[in-house]
Amino acid sequence: NHKDDKKGLHDVYENYFHEDIGSSVRFLDTSNTCYQCHGLGGARIISHLDKHRRFMQFVKDHKTKRILNHLEQNVLKGLFCLKTLAQMVLLVLFCMALMHPYTRQVRGEGTEILNILDLGPFHASVKAHIRKVIKNPNLLLSSSPDSYKLATLDGLPWSDSKAWSECVKLLLTLPDIKPLLLAGLTCTLSGWEHFTAEFEEGGLINQATSSEHEMAFMPLTNYANEGLLGMWCRFSRESLSSTVSHFTDRTMLHWNNTQQFMNTHLNIPQDEMFLRQEARRPDESGIEKKCQEELNAHKQMVVDGKRKCKEWFTYFSYSLATSHMYSQII
């Protein structure tokens, strides 16, 4: 991924992984401030680790000189580095155990009317859970199928069962897992205590009355401040299989009061059937899918050609060296 959409391997990555993962597989925007994108990105890599390793080799073979740049070389090295993988595995487990349940509480359905000033008890439960895992790291490192009951903040199943199972497999091969986990959780707890100090007993928020909380109401998220670009970013994250045209259609439906027009003038079942057929026509045509398949086939052809050239070059070099040695002997 790259912070500049004109650089990096965005489309190449998406097309390469489309068949294995399905729908849209755009990698997480780790270059910008997007909550939990690093944890979700790590889960994607861990779930398809071998595929990502082959992808980097594919990128290398597709280049004219078949040489990765410095950044790409570091990515490839990281995919084989046990220390890097250990950090990634623990980040994924931590996110699924703590951050994903936390997000469900503050960004789930019905949270729009909640006041962030009333989250003191919930923040206290988060810190208590971190202390519990610090006291017994095996809660997070257990390979038991029902380990989520004690490992996750809300006791619900792991948000990504495939990523969890792959993490468990890797834990057996990674060094110094417990010390690394304890160090990370200790720093995390320190951060939570620092940023929630006002919610503690005796803090400014804790001392305020219920009426004062209502007067200073603050939503749990900043969705209300997001513009059209923010709407698109959120839509693309939540609707991975949708396209820009889908987003445009939905936005125009809302902004142009199209629904009101439909309710007034389109009152018979045939109208609704016609609209559904027309809306599905572009998707059913498979134009975008065919385009992606053609791009993938062309890239694979280029890679195969370069690999074949390398094989011939290696064979020719070997033959030339052998002939030279033979002539020296004669």
# chains A, B, ... in the order shown; residues from 1 in each chain; ligands from 1
$ closest_atom_pairs --of "stretch 163-269 of chain A" --to "stretch 146-156 of chain A" --cutoff "12 Å" --atoms "only C-alpha atoms" --output "JSON lines"
{"residue": "A:Trp164", "atom": "CA", "partner": "A:Tyr148", "partner_atom": "CA", "distance": 10.0}
{"residue": "A:Ser165", "atom": "CA", "partner": "A:Ser147", "partner_atom": "CA", "distance": 11.5}
{"residue": "A:Val168", "atom": "CA", "partner": "A:Ser147", "partner_atom": "CA", "distance": 11.2}
$ residues_around --residues "A:Leu40" --least-positions-apart "2" --cutoff "10 Å" --atoms "only C-alpha atoms" --output "list in words"
Phe27, Leu28, Asp29, Thr30, Tyr35, Gln36, Cys37, His38, Gly42, Ala43, Arg44, Ile45, Ile46, Leu91, Val92, Cys95, Met96, His100, Asp160 and Ala163 of chain A
$ write_last_selection --atoms "all heavy atoms" --output "compact mmCIF listing (two decimals), in the first residue's frame"
# COMPACT_ATOMS: atom_id res chain seq x y z
N PHE A 27 -6.11 -3.39 0.02
CA PHE A 27 -5.41 -3.48 1.29
C PHE A 27 -5.74 -2.27 2.15
O PHE A 27 -6.07 -1.20 1.65
CB PHE A 27 -3.90 -3.58 1.07
CG PHE A 27 -3.17 -4.08 2.28
CD1 PHE A 27 -3.18 -5.42 2.59
CD2 PHE A 27 -2.49 -3.21 3.11
CE1 PHE A 27 -2.52 -5.89 3.71
CE2 PHE A 27 -1.83 -3.66 4.23
CZ PHE A 27 -1.85 -5.02 4.53
N LEU A 28 -5.64 -2.47 3.45
CA LEU A 28 -6.02 -1.43 4.40
C LEU A 28 -5.14 -0.19 4.25
O LEU A 28 -3.95 -0.28 3.95
CB LEU A 28 -5.91 -1.96 5.83
CG LEU A 28 -7.01 -2.91 6.31
CD1 LEU A 28 -8.36 -2.22 6.26
CD2 LEU A 28 -7.05 -4.20 5.52
N ASP A 29 -5.74 0.97 4.49
CA ASP A 29 -5.04 2.25 4.31
C ASP A 29 -4.19 2.53 5.54
O ASP A 29 -4.51 3.38 6.37
CB ASP A 29 -6.07 3.36 4.09
CG ASP A 29 -5.40 4.67 3.67
OD1 ASP A 29 -4.18 4.65 3.43
OD2 ASP A 29 -6.09 5.69 3.60
N THR A 30 -3.07 1.84 5.64
CA THR A 30 -2.20 1.98 6.80
C THR A 30 -1.36 3.25 6.76
O THR A 30 -0.67 3.57 7.74
CB THR A 30 -1.25 0.77 6.91
OG1 THR A 30 -0.54 0.62 5.66
CG2 THR A 30 -2.04 -0.50 7.18
N TYR A 35 -8.62 4.05 12.04
CA TYR A 35 -8.58 3.21 13.23
C TYR A 35 -8.56 1.72 12.89
O TYR A 35 -9.33 1.26 12.05
CB TYR A 35 -9.78 3.53 14.13
CG TYR A 35 -9.73 4.91 14.72
CD1 TYR A 35 -10.70 5.85 14.41
CD2 TYR A 35 -8.69 5.28 15.57
CE1 TYR A 35 -10.64 7.13 14.94
CE2 TYR A 35 -8.63 6.55 16.10
CZ TYR A 35 -9.60 7.47 15.79
OH TYR A 35 -9.54 8.74 16.31
N GLN A 36 -7.66 1.01 13.54
CA GLN A 36 -7.55 -0.45 13.47
C GLN A 36 -7.08 -0.96 12.12
O GLN A 36 -7.09 -2.16 11.87
CB GLN A 36 -8.88 -1.11 13.83
CG GLN A 36 -9.37 -0.76 15.22
CD GLN A 36 -10.65 -1.48 15.59
OE1 GLN A 36 -11.08 -2.39 14.90
NE2 GLN A 36 -11.26 -1.07 16.68
N CYS A 37 -6.65 -0.07 11.22
CA CYS A 37 -6.24 -0.54 9.90
C CYS A 37 -4.98 -1.40 9.99
O CYS A 37 -4.81 -2.33 9.20
CB CYS A 37 -6.02 0.64 8.95
SG CYS A 37 -4.76 1.81 9.49
N HIS A 38 -4.10 -1.11 10.95
CA HIS A 38 -2.90 -1.93 11.07
C HIS A 38 -3.24 -3.34 11.56
O HIS A 38 -2.68 -4.33 11.08
CB HIS A 38 -1.90 -1.27 12.04
CG HIS A 38 -1.26 -0.03 11.48
ND1 HIS A 38 -1.87 1.20 11.54
CD2 HIS A 38 -0.09 0.15 10.84
CE1 HIS A 38 -1.08 2.10 10.97
NE2 HIS A 38 0.00 1.50 10.53
N GLY A 42 -2.77 -6.59 9.33
CA GLY A 42 -2.00 -7.73 9.82
C GLY A 42 -2.79 -9.02 9.74
O GLY A 42 -2.24 -10.08 9.39
N ALA A 43 -4.08 -8.95 10.04
CA ALA A 43 -4.93 -10.14 9.94
C ALA A 43 -5.01 -10.63 8.50
O ALA A 43 -5.00 -11.84 8.24
CB ALA A 43 -6.33 -9.82 10.47
N ARG A 44 -5.07 -9.69 7.55
CA ARG A 44 -5.10 -10.08 6.14
C ARG A 44 -3.81 -10.81 5.76
O ARG A 44 -3.84 -11.84 5.09
CB ARG A 44 -5.27 -8.82 5.28
CG ARG A 44 -5.05 -9.01 3.79
CD ARG A 44 -6.23 -9.65 3.11
NE ARG A 44 -7.39 -8.79 3.20
CZ ARG A 44 -7.59 -7.70 2.44
NH1 ARG A 44 -6.69 -7.37 1.53
NH2 ARG A 44 -8.68 -6.99 2.57
N ILE A 45 -2.68 -10.26 6.19
CA ILE A 45 -1.39 -10.86 5.83
C ILE A 45 -1.23 -12.23 6.48
O ILE A 45 -0.82 -13.20 5.84
CB ILE A 45 -0.24 -9.93 6.24
CG1 ILE A 45 -0.26 -8.66 5.38
CG2 ILE A 45 1.11 -10.64 6.09
CD1 ILE A 45 0.77 -7.63 5.78
N ILE A 46 -1.56 -12.32 7.77
CA ILE A 46 -1.40 -13.59 8.48
C ILE A 46 -2.32 -14.66 7.88
O ILE A 46 -1.94 -15.82 7.74
CB ILE A 46 -1.71 -13.40 9.98
CG1 ILE A 46 -0.65 -12.50 10.62
CG2 ILE A 46 -1.76 -14.74 10.69
CD1 ILE A 46 0.75 -13.06 10.58
N LEU A 91 -0.24 -8.27 17.51
CA LEU A 91 -1.10 -7.13 17.19
C LEU A 91 -2.47 -7.60 16.74
O LEU A 91 -3.50 -7.04 17.16
CB LEU A 91 -0.44 -6.29 16.08
CG LEU A 91 -1.28 -5.13 15.54
CD1 LEU A 91 -1.57 -4.12 16.65
CD2 LEU A 91 -0.58 -4.45 14.37
N VAL A 92 -2.51 -8.63 15.92
CA VAL A 92 -3.79 -9.16 15.43
C VAL A 92 -4.61 -9.73 16.60
O VAL A 92 -5.81 -9.45 16.72
CB VAL A 92 -3.55 -10.24 14.36
CG1 VAL A 92 -4.85 -10.94 14.00
CG2 VAL A 92 -2.91 -9.63 13.13
N CYS A 95 -5.93 -6.87 18.78
CA CYS A 95 -7.05 -6.15 18.16
C CYS A 95 -8.34 -6.95 18.25
O CYS A 95 -9.41 -6.40 18.56
CB CYS A 95 -6.72 -5.84 16.70
SG CYS A 95 -5.54 -4.50 16.48
N MET A 96 -8.26 -8.25 18.00
CA MET A 96 -9.47 -9.07 18.04
C MET A 96 -9.97 -9.25 19.47
O MET A 96 -11.17 -9.39 19.70
CB MET A 96 -9.20 -10.43 17.39
CG MET A 96 -9.02 -10.36 15.89
SD MET A 96 -9.11 -11.98 15.09
CE MET A 96 -7.66 -12.77 15.78
N HIS A 100 -11.51 -4.66 18.66
CA HIS A 100 -12.74 -4.92 17.91
C HIS A 100 -13.97 -4.91 18.82
O HIS A 100 -14.99 -4.29 18.47
CB HIS A 100 -12.63 -6.25 17.16
CG HIS A 100 -11.60 -6.23 16.07
ND1 HIS A 100 -11.25 -7.34 15.34
CD2 HIS A 100 -10.82 -5.22 15.60
CE1 HIS A 100 -10.31 -7.02 14.47
NE2 HIS A 100 -10.03 -5.74 14.61
N ASP A 160 -12.32 -12.61 13.44
CA ASP A 160 -11.78 -13.21 12.22
C ASP A 160 -11.23 -14.59 12.60
O ASP A 160 -10.08 -14.72 13.03
CB ASP A 160 -10.68 -12.33 11.62
CG ASP A 160 -10.24 -12.80 10.24
OD1 ASP A 160 -10.41 -14.00 9.93
OD2 ASP A 160 -9.71 -11.97 9.47
N ALA A 163 -8.00 -15.71 10.72
CA ALA A 163 -6.79 -15.04 11.20
C ALA A 163 -6.37 -15.61 12.55
O ALA A 163 -5.17 -15.82 12.81
CB ALA A 163 -7.02 -13.54 11.30
$ residues_around --residues "A:Leu181" --least-positions-apart "5" --cutoff "12 Å" --atoms "only C-alpha atoms" --output "PyMOL selection string"
chain A and resi 86-94+130+133-141+171+175-176+186-188
$ select_by_dssp --residues "stretch 12-125 of chain A" --states "alpha helix (DSSP H)" --output "count of residues only"
73
$ atom_distance --atom1 "atom CA of A:Lys63" --atom2 "atom CA of A:Ser47"
26.4 Å
$ residues_around --residues "stretch 13-20 of chain A" --least-positions-apart "5" --cutoff "12 Å" --atoms "only C-alpha atoms" --output "PyMOL selection string"
chain A and resi 1-2+8+25-28+44-45+47-52+54-56+58-59+240-241+288-300
$ atom_distance --atom1 "atom CA of A:Trp232" --atom2 "atom CA of A:Phe247"
7.1 Å
$ atom_distance --atom1 "atom CA of A:Thr196" --atom2 "atom CA of A:Cys233"
28.3 Å
$ closest_residue --among "A:Leu182, A:Phe195, A:Thr84, A:Leu220" --to "A:Tyr102" --atoms "only C-alpha atoms"
A:Leu220
